[in-house]
Amino acid sequence: VPKATGLRGGIDLGGTKVQAVVVDERGTVLGEHREPTPVDGGAEMVVTVMATAMRSAAEAAGVRTSQLDGIGVGCPGAIDADAGTVADPPNLPWKGAYPIGPELSRALGAPVRLGNDVRVATVGEYELGAGKPYRSLLGVYWGTGVGGGVIIDGVPWNGRGAAGEIGHTVIRAGGALCHCGHRGHVEAYAGRASMEERARRMMRRGVKSSLLSIMEARGRDRMTSGVFARALEHGDKLAIHLIDRAVEALGIGIASAISLLDVEAVIIGGGLGLRLGEDYVRRIETQMRPQLLVAARPPAMHLAALGDLGGAIGAALLFEPVRRSAAAGNRVGQHGPGR
Ligand SMILES: [Zn+2]
C-alpha cells in the first residue's frame with residue numbers, strides 16, 4: 001500500500017470519549033472523529049471503537065488508515081510502550097495488561113505507538129500550541145483528575161516512567177483523601193471527581209446547591225465540567241466554594257513545581273481548565289504568585305491552545321514530532337502490522 005505523505009493518526013483514549021484525528025506533516029488536522037468510550041465489552045470492544053473512530057477520521061481526511069505513517073495513542077494507565085500494552089487504566093473497562101498496540105495495528109494496517117495521555121498532550125502544546133515560544137514548560141490537565149507533563153530544554157521528562165504527576169504532589173500533610181490512597185494531594189482538592197464527592201457529602205449534610213438539579217436537567221449522571229460551569233454562572237455557593245478550593249490547590253501545587261523546576265511557562269488544559277477558560281488561568285496565577293520563591297520572575301501562564309483535540313494531536317506526534325529536539329525523550333516502542 002503506498003504511504004500518504006507525512007500523514008499520521010492520533011487517538012486520545014479517555015474515560016468518556018475516544019477522539020481520533022489525522023494530521024499532516026505540520027500537525028494540521030485534516031480529519032477528526034469522536035466516539036463514546038464503551039462501558040462494557042472489555043478491552044476488545046475498546047479497540048473496536050478506537051479502530052472505528054480512526055477509520056472515520058481517515059475517511060474525513062480522504063485516506064485509508066493503512067496509508068498513514070503511523071498512529072499514536074494517548075491513554076491512561078500503566079503503559080509498556082515496548083510491549084504495546086496498557087494495564088489497569090482508570091475509568092476504562094478492563095483489568096490487567098492488554099495489547100492495545102498490536103491489536104490496533106492489526107485492525108488498521110499501520111504501526112501504532114502508545115504514550116501517556118497527559119504527556120502526549122503536553123508535547124502537543126509544546127510543538128503546536130500555547131507552548132511553542134518556550135523550551136521548558138509544565139502542562140497541567142485539570143479534569144476528572146489532575147494530570148501533568150514536564151518538558152525540560154525541549155525534551156519531555158518522563159523520569160523512570162511516572163514524572164509530571166503534579167496532581168499527586170502534597171499540598172497539605174494529612175489532608176483530604178486522594179483517589180490514589182494518599183492524603184493532601186492537589187487532586188484531592190482540585191480533581192473533578194473529588195469535587196463531586198465533596199459536593200454530594202455536603203448536600204447530604206443539608207448544604208443547598210443547584211449542582212444536582214443542573215446535572216439532572218442535563219441528563220448527566222456525573223457533575224461534569226459543564227455542570228460546574230453552569231452552577232458557577234448561577235452563583236451557586238457550593239460550586240463557588242469547591243472551585244475556589246480547587247484553584248487554591250492548583251496555585252499552591254504549581255508554585256511548588258515552579259520552585260523546583262523553574263520552567264518558563266505553565267499550560268492549563270483538561271476538561272475543567274478548558275471549560276472555565278482564561279479567567280480561571282488568571283485566578284490560578286493569582287493563587288500561585290504569592291507562593292513563588294522568585295516572585296519577580298513568575299512563569300508565563302496560558303490556556304491550552306489545541307483545545308479538545310489536543311490529546312489526539314499530541315498522540316499523533318508520537319510519530320516524528322515537528323520539533324526534532326523533542327523526539328529524543330519521546331522515543332517509545334512501536335508495533336508494526338506484521339508483528
Ligand atoms: Zn494522589
# chains A, B, ... in the order shown; residues from 1 in each chain; ligands from 1

$ residues_near_ligand --ligand "ligand 1" --cutoff "9 Å" --atoms "only C-alpha atoms and all ligand atoms" --output "PyMOL selection string"
chain A and resi 165+167-170+177-188

$ select_by_dssp --residues "range 146-283 of chain A" --states "strand (DSSP E)" --output "PyMOL selection string"
chain A and resi 146-152+155-156+265-269

$ atom_distance --atom1 "CA of Gly129 in chain A" --atom2 "CA of Arg55 in chain A"
25.4 Å

$ atom_distance --atom1 "CA of Gly253 in chain A" --atom2 "CA of Leu309 in chain A"
25.8 Å

$ closest_residue --among "A:Gly206, A:Gly72, A:Gly77, A:Gly273" --to "Gly124 in chain A" --atoms "only C-alpha atoms"
A:Gly72
